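Inspection log for the structure reproduced underneath, given as structure tokens.
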Amino acid sequence: MKNLPIVMLKPKEEDRILKGHPWVYDNEIAEISEEYENGEMFVFKNSENMCIGVGYINEKSVITGRLLDILKTPAEVYENYHSVEALLEDKISKAILKREKIKNTDAIRYIYSEADSLAGLVVDMYGKTAVIQITTLGMDKLKDTIVKIIDEKLKPKNIYEKSISSSREKEGLEKIEKVIKGSIKPVIINENGLQFYVDPAGGSKTGFYLDQRDNREKLKDYVKGRNVLDLFCYTGGFAAHAMHYGAASVKAVDSSVEAAEMTGKNMELNNLKDYCVVRADVFDELKSMHAAAEKYDVIIIDPPPFSRGKTEKKGGLKGYFDLHLKALRLLNKDGIIFTFSCSQNISMAELIQSAKDAARKLHHKLELKAQMFQARDHPYSTQIPETFYLKGAVLKKTQENKE
Ligand code: SAH
């Protein structure tokens, strides 16, 4: 890659980047070499004129630079890729290879942004349909090349772009939802021996919460013959798995009409019986269930993120505590909760503590049985904390003191 324009960093600013964190903040840049357009590819250099990598910049964003490759080398020899296309092809091939061992599904996240050295790009495959999400201007400019490579390597029948993240605004990008190849309609995917309808155009995210795949499978060890409550069920991923693994009954709750309807359809698709789906606000429903003295053996709690920024953290923790408190009131002795947080700024320890604090308030005790994380196709790098967001805990109620 010759003749790329140059971004020069201030002294020592490369230390964090060379450890593997690919962002360059606006205040870390000393100089940008020449006339350029936002979103273009650049070589990044430290203050001693050594290359530290290549990536794109957008001065509209506080995260001005995002590196697609990090490598400390004298400037003249930074030619390990002949072209940007070769670089993208290499990163995409490596990302695909990383997922090679995932055999329990045909719905896979093949590219997960920074975690696959492709900042700003997410690609999910639902059977033969690829769904592409782009969140940065730099990636948007590389879109045609990316689509070409994805088309060659994953051979999708349909390609759909669903770039609707609110972070696009910070990059000066409009939202885009459009068919790039073929057509778009709901598809049926397979996961852990079950089938699910996925509507990439209509659903949340790109259509399905792929990140919970391995955690749904974990239900197998806990639900046989048990009465299960699936809170925030979306399209019934956990609920269907619970029935499939032998639960005596399942009640699934979500406030979205479409999600509740789809949960019913997914149960039917898999010939599962003894379930009920309630369209309601979880907090209200928990109150009514408590009033009706309903009890469950296994409760799954998978809410949307309660806490996004630092300022929301306190409120977020309060939200988790309330939820745990209300849910735990319905848990039978020796019962199990599967509790999750997809808030990046809530730690595993904080999630577990929240559940334990709520239990203590009810004079219960919880014992940690297992910890859970985002599925293997959502890899995370310890150098990039932003790539790690989903954490969960299996907790067992071990003691109940009557008040
Ligand atoms: N467990 C699901 C994913 C849950 S996503 C799965 O495995 O697929 C979070 C869900 O919470 C969404 O479907 C959303 O509609 C629902 N939701 C958000 N706030 C809610 C509330 N207050 N009450 C009920 N459902 C809610």
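All residue names refer to the structure tokens as shown: chains lettered A, B, ... in order, residues numbered from 1 in each chain, ligands numbered from 1 in order.
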Expected answer as JSON, numbers by chain: residues within 7 Å of ligand 1, only C-alpha atoms and all ligand atoms | {"A": [208, 209, 212, 232, 233, 234, 235, 236, 237, 238, 253, 254, 255, 256, 259, 280, 281, 282, 283, 302, 303, 304]}
Output C-alpha atoms for every residue in that selection, as a PDB file, in the first residue's frame.
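Everything below was put into again_23.pdb:
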ATOM      1  CA  PHE A 208     -31.894 -12.621  15.900  1.00  0.00           C
ATOM      2  CA  TYR A 209     -29.841 -12.496  19.089  1.00  0.00           C
ATOM      3  CA  GLN A 212     -27.082 -15.916  23.192  1.00  0.00           C
ATOM      4  CA  PHE A 232     -37.777 -10.408  27.659  1.00  0.00           C
ATOM      5  CA  CYS A 233     -38.251 -13.396  25.352  1.00  0.00           C
ATOM      6  CA  TYR A 234     -38.025 -11.523  21.989  1.00  0.00           C
ATOM      7  CA  THR A 235     -38.754 -14.292  19.436  1.00  0.00           C
ATOM      8  CA  GLY A 236     -38.604 -17.088  22.006  1.00  0.00           C
ATOM      9  CA  GLY A 237     -35.005 -18.270  21.703  1.00  0.00           C
ATOM     10  CA  PHE A 238     -34.717 -19.327  25.346  1.00  0.00           C
ATOM     11  CA  VAL A 253     -43.028 -12.442  28.293  1.00  0.00           C
ATOM     12  CA  ASP A 254     -42.166  -9.524  25.986  1.00  0.00           C
ATOM     13  CA  SER A 255     -43.685  -6.080  25.515  1.00  0.00           C
ATOM     14  CA  SER A 256     -43.389  -6.102  21.731  1.00  0.00           C
ATOM     15  CA  ALA A 259     -41.880 -10.393  19.252  1.00  0.00           C
ATOM     16  CA  ALA A 280     -46.759  -7.224  28.580  1.00  0.00           C
ATOM     17  CA  ASP A 281     -44.258  -5.005  30.292  1.00  0.00           C
ATOM     18  CA  VAL A 282     -42.073  -7.362  32.318  1.00  0.00           C
ATOM     19  CA  PHE A 283     -42.147  -5.165  35.433  1.00  0.00           C
ATOM     20  CA  ASP A 302     -32.420 -11.119  29.470  1.00  0.00           C
ATOM     21  CA  PRO A 303     -33.312  -7.408  29.397  1.00  0.00           C
ATOM     22  CA  PRO A 304     -32.237  -4.771  26.871  1.00  0.00           C
TER      23      PRO A 304
END
As a ChimeraX atom specification, which residues of range 164-321 of chain A does DSSP assign to strand (DSSP E or B)?
-> /A:176-181,187-191,194-198,227-231,249-254,275-279,296-301
Compare A:Lys361, A:Arg226, A:Lys326, A:Lys157 by their minimum atom-to-atom distance to Ile301 in chain A, counting only C-alpha atoms, and give me the closest one.
->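 The shortest atom-to-atom distance to Ile301 in chain A comes from A:Lys326.
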Might you pull out every residue within 6 Å of Ile336 in chain A, with only C-alpha atoms counted and same-chain residues fewer than 2 positions away left off, and present them as a PyMOL selection string?
-> chain A and resi 298+395-396
Skipping near chain neighbours, those fewer than 2 positions away, what residues fall within 8 Å of range 89-97 of chain A using only C-alpha atoms, listed as number ranges by chain?
-> A: 85-87, 99-100, 110-111, 116-118, 149-150, 153
Can I get the selection written as a PDB file, in the first residue's frame, with N, CA, C and O atoms?
ATOM      1  N   GLU A  85      -7.804  -3.615  -0.858  1.00  0.00           N
ATOM      2  CA  GLU A  85      -8.631  -4.800  -1.128  1.00  0.00           C
ATOM      3  C   GLU A  85      -7.962  -6.065  -0.557  1.00  0.00           C
ATOM      4  O   GLU A  85      -8.622  -6.901   0.046  1.00  0.00           O
ATOM      5  N   ALA A  86      -6.636  -6.171  -0.729  1.00  0.00           N
ATOM      6  CA  ALA A  86      -5.923  -7.351  -0.208  1.00  0.00           C
ATOM      7  C   ALA A  86      -5.994  -7.381   1.319  1.00  0.00           C
ATOM      8  O   ALA A  86      -6.158  -8.441   1.930  1.00  0.00           O
ATOM      9  N   LEU A  87      -5.899  -6.212   1.930  1.00  0.00           N
ATOM     10  CA  LEU A  87      -6.002  -6.136   3.392  1.00  0.00           C
ATOM     11  C   LEU A  87      -7.381  -6.617   3.856  1.00  0.00           C
ATOM     12  O   LEU A  87      -7.509  -7.444   4.769  1.00  0.00           O
ATOM     13  N   ARG A  99     -14.604 -18.884  12.560  1.00  0.00           N
ATOM     14  CA  ARG A  99     -15.951 -19.450  12.861  1.00  0.00           C
ATOM     15  C   ARG A  99     -16.117 -20.863  12.326  1.00  0.00           C
ATOM     16  O   ARG A  99     -17.211 -21.430  12.406  1.00  0.00           O
ATOM     17  N   GLU A 100     -15.055 -21.396  11.734  1.00  0.00           N
ATOM     18  CA  GLU A 100     -15.157 -22.676  11.030  1.00  0.00           C
ATOM     19  C   GLU A 100     -15.728 -23.788  11.907  1.00  0.00           C
ATOM     20  O   GLU A 100     -16.444 -24.655  11.439  1.00  0.00           O
ATOM     21  N   TYR A 110     -20.313 -13.506  11.090  1.00  0.00           N
ATOM     22  CA  TYR A 110     -19.006 -13.785  10.498  1.00  0.00           C
ATOM     23  C   TYR A 110     -18.013 -12.659  10.724  1.00  0.00           C
ATOM     24  O   TYR A 110     -16.813 -12.888  10.737  1.00  0.00           O
ATOM     25  N   ILE A 111     -18.523 -11.445  10.865  1.00  0.00           N
ATOM     26  CA  ILE A 111     -17.601 -10.332  11.111  1.00  0.00           C
ATOM     27  C   ILE A 111     -18.151  -9.486  12.247  1.00  0.00           C
ATOM     28  O   ILE A 111     -19.315  -9.069  12.211  1.00  0.00           O
ATOM     29  N   ASP A 116     -12.675  -8.333  14.925  1.00  0.00           N
ATOM     30  CA  ASP A 116     -12.110  -8.998  13.744  1.00  0.00           C
ATOM     31  C   ASP A 116     -11.256  -8.031  12.925  1.00  0.00           C
ATOM     32  O   ASP A 116     -11.094  -8.223  11.715  1.00  0.00           O
ATOM     33  N   SER A 117     -10.747  -6.996  13.560  1.00  0.00           N
ATOM     34  CA  SER A 117      -9.928  -5.973  12.887  1.00  0.00           C
ATOM     35  C   SER A 117     -10.653  -5.347  11.699  1.00  0.00           C
ATOM     36  O   SER A 117     -10.033  -5.013  10.690  1.00  0.00           O
ATOM     37  N   LEU A 118     -11.964  -5.230  11.806  1.00  0.00           N
ATOM     38  CA  LEU A 118     -12.735  -4.601  10.730  1.00  0.00           C
ATOM     39  C   LEU A 118     -13.692  -3.581  11.357  1.00  0.00           C
ATOM     40  O   LEU A 118     -14.925  -3.697  11.256  1.00  0.00           O
ATOM     41  N   ILE A 149     -16.190  -9.084  -1.735  1.00  0.00           N
ATOM     42  CA  ILE A 149     -15.460 -10.165  -1.044  1.00  0.00           C
ATOM     43  C   ILE A 149     -16.426 -11.111  -0.321  1.00  0.00           C
ATOM     44  O   ILE A 149     -16.299 -12.331  -0.384  1.00  0.00           O
ATOM     45  N   ILE A 150     -17.421 -10.523   0.353  1.00  0.00           N
ATOM     46  CA  ILE A 150     -18.422 -11.344   1.070  1.00  0.00           C
ATOM     47  C   ILE A 150     -19.150 -12.244   0.073  1.00  0.00           C
ATOM     48  O   ILE A 150     -19.404 -13.422   0.324  1.00  0.00           O
ATOM     49  N   LYS A 153     -16.830 -15.099  -0.914  1.00  0.00           N
ATOM     50  CA  LYS A 153     -16.407 -16.049   0.129  1.00  0.00           C
ATOM     51  C   LYS A 153     -17.575 -16.766   0.795  1.00  0.00           C
ATOM     52  O   LYS A 153     -17.471 -17.938   1.119  1.00  0.00           O
TER      53      LYS A 153
END
Taking into account only C-alpha atoms, which residue in the set A:Tyr380, A:Ser354, A:Tyr56, A:Thr398 is nearest to Leu366 in chain A?
-> A:Thr398
From the set A:Gly203, A:Leu121, A:Tyr197, A:Asp230, which residue has the shortest atom-to-atom contact distance to Met267 in chain A, counting only C-alpha atoms?
->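 Ranking A:Gly203, A:Leu121, A:Tyr197, A:Asp230 by distance to Met267 in chain A, first place goes to A:Tyr197.
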Using backbone DSSP assignments, extract all helix (DSSP H, G or I) residues from range 22-178 of chain A; output them as JSON, numbers by chain.
-> {"A": [26, 27, 28, 75, 76, 77, 84, 85, 86, 87, 88, 89, 90, 91, 92, 93, 94, 95, 96, 97, 98, 113, 114, 115, 116, 137, 138, 139, 140, 141, 143, 144, 145, 146, 147, 148, 149, 150, 151, 152, 153, 154, 166, 167, 168, 169, 170, 171]}
Selection to disk with N, CA and C atoms, as a short mmCIF file (atom, residue, chain, number, x, y, z; two decimals), in the first residue's frame:
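again-v5.cif written:
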data_model
loop_
_atom_site.label_atom_id
_atom_site.label_comp_id
_atom_site.auth_asym_id
_atom_site.auth_seq_id
_atom_site.Cartn_x
_atom_site.Cartn_y
_atom_site.Cartn_z
N ASP A 26 -9.15 12.10 18.73
CA ASP A 26 -8.78 13.36 18.04
C ASP A 26 -7.60 14.06 18.72
N ASN A 27 -7.54 14.02 20.07
CA ASN A 27 -6.47 14.74 20.77
C ASN A 27 -5.13 14.00 20.76
N GLU A 28 -5.09 12.87 20.12
CA GLU A 28 -3.83 12.11 20.04
C GLU A 28 -3.08 12.38 18.73
N ALA A 75 8.73 3.01 8.17
CA ALA A 75 7.76 3.46 7.17
C ALA A 75 7.95 2.79 5.82
N GLU A 76 9.19 2.68 5.38
CA GLU A 76 9.43 2.19 4.01
C GLU A 76 8.97 0.75 3.80
N VAL A 77 8.99 -0.05 4.89
CA VAL A 77 8.68 -1.46 4.65
C VAL A 77 7.21 -1.82 4.94
N VAL A 84 -5.65 -2.01 -0.50
CA VAL A 84 -6.66 -2.03 0.57
C VAL A 84 -7.54 -3.28 0.39
N GLU A 85 -7.80 -3.61 -0.86
CA GLU A 85 -8.63 -4.80 -1.13
C GLU A 85 -7.96 -6.07 -0.56
N ALA A 86 -6.64 -6.17 -0.73
CA ALA A 86 -5.92 -7.35 -0.21
C ALA A 86 -5.99 -7.38 1.32
N LEU A 87 -5.90 -6.21 1.93
CA LEU A 87 -6.00 -6.14 3.39
C LEU A 87 -7.38 -6.62 3.86
N LEU A 88 -8.43 -6.11 3.19
CA LEU A 88 -9.79 -6.49 3.58
C LEU A 88 -10.02 -7.98 3.36
N GLU A 89 -9.50 -8.48 2.25
CA GLU A 89 -9.67 -9.90 1.95
C GLU A 89 -9.01 -10.76 3.02
N ASP A 90 -7.84 -10.34 3.46
CA ASP A 90 -7.12 -11.08 4.49
C ASP A 90 -7.90 -11.07 5.81
N LYS A 91 -8.40 -9.90 6.20
CA LYS A 91 -9.14 -9.80 7.48
C LYS A 91 -10.43 -10.61 7.40
N ILE A 92 -11.13 -10.52 6.28
CA ILE A 92 -12.40 -11.24 6.14
C ILE A 92 -12.16 -12.76 6.14
N SER A 93 -11.12 -13.20 5.42
CA SER A 93 -10.81 -14.65 5.40
C SER A 93 -10.51 -15.14 6.80
N LYS A 94 -9.73 -14.36 7.55
CA LYS A 94 -9.37 -14.79 8.91
C LYS A 94 -10.62 -14.87 9.80
N ALA A 95 -11.51 -13.90 9.61
CA ALA A 95 -12.75 -13.89 10.42
C ALA A 95 -13.60 -15.12 10.10
N ILE A 96 -13.68 -15.46 8.84
CA ILE A 96 -14.48 -16.63 8.45
C ILE A 96 -13.86 -17.91 9.02
N LEU A 97 -12.55 -18.00 8.92
CA LEU A 97 -11.83 -19.17 9.42
C LEU A 97 -12.06 -19.36 10.93
N LYS A 98 -12.10 -18.24 11.65
CA LYS A 98 -12.30 -18.27 13.09
C LYS A 98 -13.63 -18.94 13.47
N SER A 113 -16.80 -6.45 13.74
CA SER A 113 -16.18 -5.15 13.90
C SER A 113 -14.74 -5.20 14.43
N GLU A 114 -14.43 -4.40 15.43
CA GLU A 114 -13.06 -4.30 15.96
C GLU A 114 -12.50 -5.66 16.36
N ALA A 115 -13.36 -6.57 16.85
CA ALA A 115 -12.88 -7.87 17.31
C ALA A 115 -12.30 -8.69 16.16
N ASP A 116 -12.68 -8.33 14.93
CA ASP A 116 -12.11 -9.00 13.74
C ASP A 116 -11.26 -8.03 12.92
N LEU A 137 -17.97 6.00 8.54
CA LEU A 137 -17.79 6.54 7.19
C LEU A 137 -16.68 5.80 6.44
N GLY A 138 -15.58 5.50 7.16
CA GLY A 138 -14.47 4.80 6.53
C GLY A 138 -14.92 3.47 5.94
N MET A 139 -15.70 2.72 6.71
CA MET A 139 -16.19 1.42 6.22
C MET A 139 -17.19 1.62 5.09
N ASP A 140 -18.00 2.67 5.22
CA ASP A 140 -18.99 2.94 4.19
C ASP A 140 -18.30 3.13 2.83
N LYS A 141 -17.16 3.79 2.86
CA LYS A 141 -16.42 4.03 1.61
C LYS A 141 -15.85 2.74 1.02
N LYS A 143 -17.45 -0.08 1.12
CA LYS A 143 -18.58 -1.01 1.03
C LYS A 143 -18.57 -1.89 -0.23
N ASP A 144 -18.32 -1.29 -1.37
CA ASP A 144 -18.39 -2.07 -2.62
C ASP A 144 -17.38 -3.22 -2.59
N THR A 145 -16.18 -2.92 -2.11
CA THR A 145 -15.14 -3.96 -2.04
C THR A 145 -15.56 -5.05 -1.05
N ILE A 146 -16.12 -4.62 0.08
CA ILE A 146 -16.53 -5.60 1.10
C ILE A 146 -17.63 -6.51 0.55
N VAL A 147 -18.61 -5.90 -0.10
CA VAL A 147 -19.72 -6.69 -0.64
C VAL A 147 -19.18 -7.71 -1.64
N LYS A 148 -18.24 -7.29 -2.46
CA LYS A 148 -17.65 -8.20 -3.46
C LYS A 148 -16.96 -9.38 -2.76
N ILE A 149 -16.19 -9.08 -1.74
CA ILE A 149 -15.46 -10.16 -1.04
C ILE A 149 -16.43 -11.11 -0.32
N ILE A 150 -17.42 -10.52 0.35
CA ILE A 150 -18.42 -11.34 1.07
C ILE A 150 -19.15 -12.24 0.07
N ASP A 151 -19.50 -11.67 -1.06
CA ASP A 151 -20.21 -12.42 -2.10
C ASP A 151 -19.37 -13.61 -2.56
N GLU A 152 -18.09 -13.38 -2.76
CA GLU A 152 -17.20 -14.47 -3.22
C GLU A 152 -17.01 -15.54 -2.15
N LYS A 153 -16.83 -15.10 -0.91
CA LYS A 153 -16.41 -16.05 0.13
C LYS A 153 -17.57 -16.77 0.80
N LEU A 154 -18.66 -16.07 1.05
CA LEU A 154 -19.78 -16.70 1.76
C LEU A 154 -20.89 -17.14 0.80
N SER A 166 -27.56 4.13 15.73
CA SER A 166 -27.62 5.57 16.00
C SER A 166 -26.22 6.20 15.95
N SER A 167 -25.17 5.37 16.08
CA SER A 167 -23.82 5.93 16.05
C SER A 167 -23.44 6.45 14.66
N ARG A 168 -24.20 6.10 13.64
CA ARG A 168 -23.91 6.63 12.29
C ARG A 168 -24.02 8.15 12.25
N GLU A 169 -24.88 8.66 13.09
CA GLU A 169 -25.09 10.12 13.11
C GLU A 169 -23.77 10.85 13.42
N LYS A 170 -23.03 10.30 14.41
CA LYS A 170 -21.75 10.92 14.79
C LYS A 170 -20.75 10.90 13.65
N GLU A 171 -20.96 10.02 12.69
CA GLU A 171 -20.05 9.89 11.55
C GLU A 171 -20.56 10.67 10.35
#
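Between CA of Pro11 in chain A and CA of Ile384 in chain A lies a distance of 21.5 Å.
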Could you state the separation of CA of Asn38 in chain A and CA of Asn58 in chain A in Å, given to one decimal place?
->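 According to the coordinates, CA of Asn38 in chain A and CA of Asn58 in chain A are separated by 4.8 Å.
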Mind pulling up the distance from CA of Lys224 in chain A to CA of Ala240 in chain A?
->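 So the two atoms, CA of Ala240 in chain A and CA of Lys224 in chain A, lie 13.0 Å apart.
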Using only C-alpha atoms, which residue out of A:Ile108, A:Val257, A:Leu269, A:Ala252 lies closest to Pro379 in chain A?
->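 For Pro379 in chain A, the nearest of the given residues is A:Ile108.
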Contacts of range 13-17 of chain A within 12 Å, only C-alpha atoms, excl. fewer than 4 positions in-chain, as JSON, numbers by chain | {"A": [7, 8, 9, 21, 22, 23, 24, 25, 26, 27, 28, 29, 30, 44, 45, 46, 47, 48, 49, 50, 51, 52, 53, 54, 65, 66, 67, 68, 69, 70, 71, 72, 383, 384]}
Let's have the selection written as a JSON list (two decimals), in the first residue's frame, with C-alpha atoms.
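Saved result, result-v7.json, follows:
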[["chain", "number", "residue", "atom", "x", "y", "z"],
["A", 7, "VAL", "CA", -1.50, 10.69, 10.20],
["A", 8, "MET", "CA", 1.26, 11.58, 12.65],
["A", 9, "LEU", "CA", 0.52, 10.91, 16.34],
["A", 21, "HIS", "CA", -6.58, -1.13, 20.76],
["A", 22, "PRO", "CA", -7.33, 0.23, 17.26],
["A", 23, "TRP", "CA", -8.84, 3.64, 18.03],
["A", 24, "VAL", "CA", -7.11, 6.99, 17.63],
["A", 25, "TYR", "CA", -8.77, 9.85, 19.50],
["A", 26, "ASP", "CA", -8.78, 13.36, 18.04],
["A", 27, "ASN", "CA", -6.47, 14.74, 20.77],
["A", 28, "GLU", "CA", -3.83, 12.11, 20.04],
["A", 29, "ILE", "CA", -3.17, 13.36, 16.53],
["A", 30, "ALA", "CA", -0.25, 15.79, 15.93],
["A", 44, "PHE", "CA", -0.56, 6.06, 10.93],
["A", 45, "LYS", "CA", 2.89, 6.94, 12.26],
["A", 46, "ASN", "CA", 4.27, 7.61, 15.72],
["A", 47, "SER", "CA", 6.24, 10.75, 16.53],
["A", 48, "GLU", "CA", 9.47, 8.95, 15.58],
["A", 49, "ASN", "CA", 8.22, 8.38, 12.05],
["A", 50, "MET", "CA", 7.68, 4.64, 12.52],
["A", 51, "CYS", "CA", 4.51, 3.20, 11.00],
["A", 52, "ILE", "CA", 2.11, 1.74, 13.53],
["A", 53, "GLY", "CA", -0.62, 0.65, 11.13],
["A", 54, "VAL", "CA", -3.21, 1.53, 8.51],
["A", 65, "GLY", "CA", -8.95, 7.12, 13.46],
["A", 66, "ARG", "CA", -9.74, 3.42, 13.39],
["A", 67, "LEU", "CA", -6.97, 1.06, 12.45],
["A", 68, "LEU", "CA", -7.64, -2.05, 10.41],
["A", 69, "ASP", "CA", -4.12, -3.29, 10.84],
["A", 70, "ILE", "CA", -1.63, -2.62, 13.63],
["A", 71, "LEU", "CA", 2.01, -3.26, 12.94],
["A", 72, "LYS", "CA", 5.07, -1.35, 14.09],
["A", 383, "GLN", "CA", -7.20, -5.24, 24.61],
["A", 384, "ILE", "CA", -10.50, -3.83, 23.31]]
All residues 10 Å or closer to range 309-316 of chain A, only C-alpha atoms, same chain fewer than 3 positions away omitted, as a VMD selection string = chain A and resid 305 to 306 319 to 322 343 to 346
Hey, can you spit out that residue selection with N, CA and C atoms as a CSV table (one decimal), in the first residue's frame?
chain,number,residue,atom,x,y,z
A,305,PRO,N,-30.2,-3.4,27.2
A,305,PRO,CA,-29.2,-2.7,28.0
A,305,PRO,C,-29.9,-1.6,28.9
A,306,PHE,N,-29.7,-1.6,30.2
A,306,PHE,CA,-30.3,-0.6,31.1
A,306,PHE,C,-29.4,0.6,31.2
A,319,GLY,N,-31.9,-0.6,38.1
A,319,GLY,CA,-32.8,-1.3,37.2
A,319,GLY,C,-32.6,-2.8,37.3
A,320,TYR,N,-31.4,-3.2,37.3
A,320,TYR,CA,-31.1,-4.7,37.5
A,320,TYR,C,-31.5,-5.2,38.9
A,321,PHE,N,-31.3,-4.3,39.9
A,321,PHE,CA,-31.6,-4.7,41.2
A,321,PHE,C,-33.1,-4.9,41.4
A,322,ASP,N,-33.9,-4.0,40.8
A,322,ASP,CA,-35.4,-4.1,40.9
A,322,ASP,C,-35.9,-5.3,40.2
A,343,SER,N,-25.2,-4.7,28.9
A,343,SER,CA,-24.6,-3.3,29.0
A,343,SER,C,-23.1,-3.4,29.1
A,344,GLN,N,-22.4,-2.8,28.3
A,344,GLN,CA,-21.0,-2.9,28.2
A,344,GLN,C,-20.3,-2.4,29.5
A,345,ASN,N,-20.9,-1.4,30.2
A,345,ASN,CA,-20.3,-0.9,31.4
A,345,ASN,C,-20.8,-1.5,32.7
A,346,ILE,N,-21.5,-2.6,32.6
A,346,ILE,CA,-21.8,-3.4,33.8
A,346,ILE,C,-21.0,-4.6,33.8
Which neighbours of Gly335 in chain A fall inside 12 Å, counting only C-alpha atoms, when residues of the same chain fewer than 6 positions from it are skipped, and could you give them as a VMD selection string?
-> chain A and resid 222 to 223 226 to 229 295 to 300 327 to 329 364 to 367 369 394 to 400
Please dump the current selection as a CSV table (one decimal), in the first residue's frame; keep N, CA, C and O atoms.
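Result file result-v5.csv:
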chain,number,residue,atom,x,y,z
A,222,TYR,N,-30.6,-27.7,33.1
A,222,TYR,CA,-31.4,-27.1,34.3
A,222,TYR,C,-32.9,-27.2,34.2
A,222,TYR,O,-33.6,-27.0,35.1
A,223,VAL,N,-33.4,-27.6,33.0
A,223,VAL,CA,-34.9,-27.3,32.8
A,223,VAL,C,-35.8,-28.6,32.8
A,223,VAL,O,-37.0,-28.5,32.8
A,226,ARG,N,-39.1,-28.9,34.7
A,226,ARG,CA,-39.3,-27.7,35.5
A,226,ARG,C,-40.2,-26.7,34.8
A,226,ARG,O,-40.4,-26.7,33.6
A,227,ASN,N,-40.8,-25.8,35.6
A,227,ASN,CA,-41.6,-24.8,35.1
A,227,ASN,C,-40.7,-23.5,34.9
A,227,ASN,O,-40.1,-23.1,35.8
A,228,VAL,N,-40.7,-23.0,33.6
A,228,VAL,CA,-39.8,-22.0,33.2
A,228,VAL,C,-40.5,-20.7,32.9
A,228,VAL,O,-41.5,-20.7,32.2
A,229,LEU,N,-39.8,-19.6,33.3
A,229,LEU,CA,-40.3,-18.3,32.9
A,229,LEU,C,-39.2,-17.6,32.1
A,229,LEU,O,-38.1,-17.4,32.6
A,295,LYS,N,-45.3,-19.3,40.8
A,295,LYS,CA,-43.9,-19.7,41.1
A,295,LYS,C,-43.3,-20.5,40.0
A,295,LYS,O,-44.0,-21.2,39.2
A,296,TYR,N,-42.0,-20.3,39.9
A,296,TYR,CA,-41.2,-21.0,38.8
A,296,TYR,C,-40.0,-21.6,39.3
A,296,TYR,O,-39.4,-21.2,40.3
A,297,ASP,N,-39.5,-22.6,38.6
A,297,ASP,CA,-38.3,-23.3,39.0
A,297,ASP,C,-37.0,-22.7,38.3
A,297,ASP,O,-35.9,-22.8,38.8
A,298,VAL,N,-37.3,-22.2,37.1
A,298,VAL,CA,-36.2,-21.6,36.3
A,298,VAL,C,-36.7,-20.2,35.7
A,298,VAL,O,-37.7,-20.2,35.1
A,299,ILE,N,-35.9,-19.2,36.0
A,299,ILE,CA,-36.3,-17.9,35.4
A,299,ILE,C,-35.2,-17.3,34.6
A,299,ILE,O,-34.0,-17.2,35.1
A,300,ILE,N,-35.5,-16.9,33.4
A,300,ILE,CA,-34.4,-16.3,32.5
A,300,ILE,C,-34.7,-14.8,32.4
A,300,ILE,O,-35.9,-14.4,32.2
A,327,ALA,N,-38.2,-10.6,40.2
A,327,ALA,CA,-38.1,-12.0,39.7
A,327,ALA,C,-37.9,-13.0,40.8
A,327,ALA,O,-38.5,-14.1,40.8
A,328,LEU,N,-37.0,-12.7,41.7
A,328,LEU,CA,-36.6,-13.7,42.7
A,328,LEU,C,-37.8,-14.1,43.6
A,328,LEU,O,-37.9,-15.1,44.2
A,329,ARG,N,-38.8,-13.1,43.7
A,329,ARG,CA,-40.0,-13.4,44.6
A,329,ARG,C,-40.7,-14.6,44.0
A,329,ARG,O,-41.5,-15.2,44.7
A,364,HIS,N,-33.1,-14.5,51.0
A,364,HIS,CA,-32.7,-15.7,50.3
A,364,HIS,C,-31.2,-15.7,50.1
A,364,HIS,O,-30.5,-14.7,50.3
A,365,LYS,N,-30.7,-16.9,49.7
A,365,LYS,CA,-29.2,-16.9,49.3
A,365,LYS,C,-29.1,-17.5,47.9
A,365,LYS,O,-29.9,-18.4,47.5
A,366,LEU,N,-28.2,-17.0,47.1
A,366,LEU,CA,-27.9,-17.5,45.8
A,366,LEU,C,-26.5,-18.0,45.7
A,366,LEU,O,-25.6,-17.4,46.2
A,367,GLU,N,-26.4,-19.2,45.0
A,367,GLU,CA,-25.1,-19.7,44.8
A,367,GLU,C,-24.7,-19.7,43.3
A,367,GLU,O,-25.6,-20.1,42.5
A,369,LYS,N,-23.5,-20.9,40.0
A,369,LYS,CA,-23.3,-22.2,39.4
A,369,LYS,C,-22.5,-22.1,38.1
A,369,LYS,O,-21.7,-23.0,37.8
A,394,VAL,N,-25.6,-18.2,36.0
A,394,VAL,CA,-26.6,-19.1,36.5
A,394,VAL,C,-26.4,-19.1,38.0
A,394,VAL,O,-25.4,-19.4,38.5
A,395,LEU,N,-27.5,-18.8,38.7
A,395,LEU,CA,-27.5,-18.8,40.2
A,395,LEU,C,-28.6,-19.6,40.7
A,395,LEU,O,-29.7,-19.6,40.2
A,396,LYS,N,-28.3,-20.4,41.8
A,396,LYS,CA,-29.3,-21.3,42.4
A,396,LYS,C,-29.7,-20.8,43.8
A,396,LYS,O,-28.8,-20.4,44.6
A,397,LYS,N,-31.0,-20.8,44.0
A,397,LYS,CA,-31.4,-20.4,45.3
A,397,LYS,C,-31.2,-21.5,46.3
A,397,LYS,O,-31.7,-22.6,46.1
A,398,THR,N,-30.4,-21.3,47.3
A,398,THR,CA,-30.0,-22.4,48.2
A,398,THR,C,-30.7,-22.3,49.6
A,398,THR,O,-30.6,-23.2,50.4
A,399,GLN,N,-31.2,-21.2,49.9
A,399,GLN,CA,-31.7,-21.0,51.2
A,399,GLN,C,-32.9,-20.0,51.2
A,399,GLN,O,-32.9,-19.0,50.6
A,400,GLU,N,-33.9,-20.4,52.0
A,400,GLU,CA,-35.1,-19.5,52.0
A,400,GLU,C,-35.5,-19.4,53.5
A,400,GLU,O,-36.0,-20.4,54.1
Looking at A:Arg213, A:Lys218, A:Arg109, A:His82, which one is nearest to Asn3 in chain A, with distances taken over only C-alpha atoms?
->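 The answer is A:His82, which sits nearest to Asn3 in chain A.
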Between A:Pro5, A:Gly193, A:Gly225, A:Pro186, single out the one closest to Met262 in chain A, counting only C-alpha atoms.
->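 Nearest candidate to Met262 in chain A out of A:Pro5, A:Gly193, A:Gly225, A:Pro186: A:Pro186.
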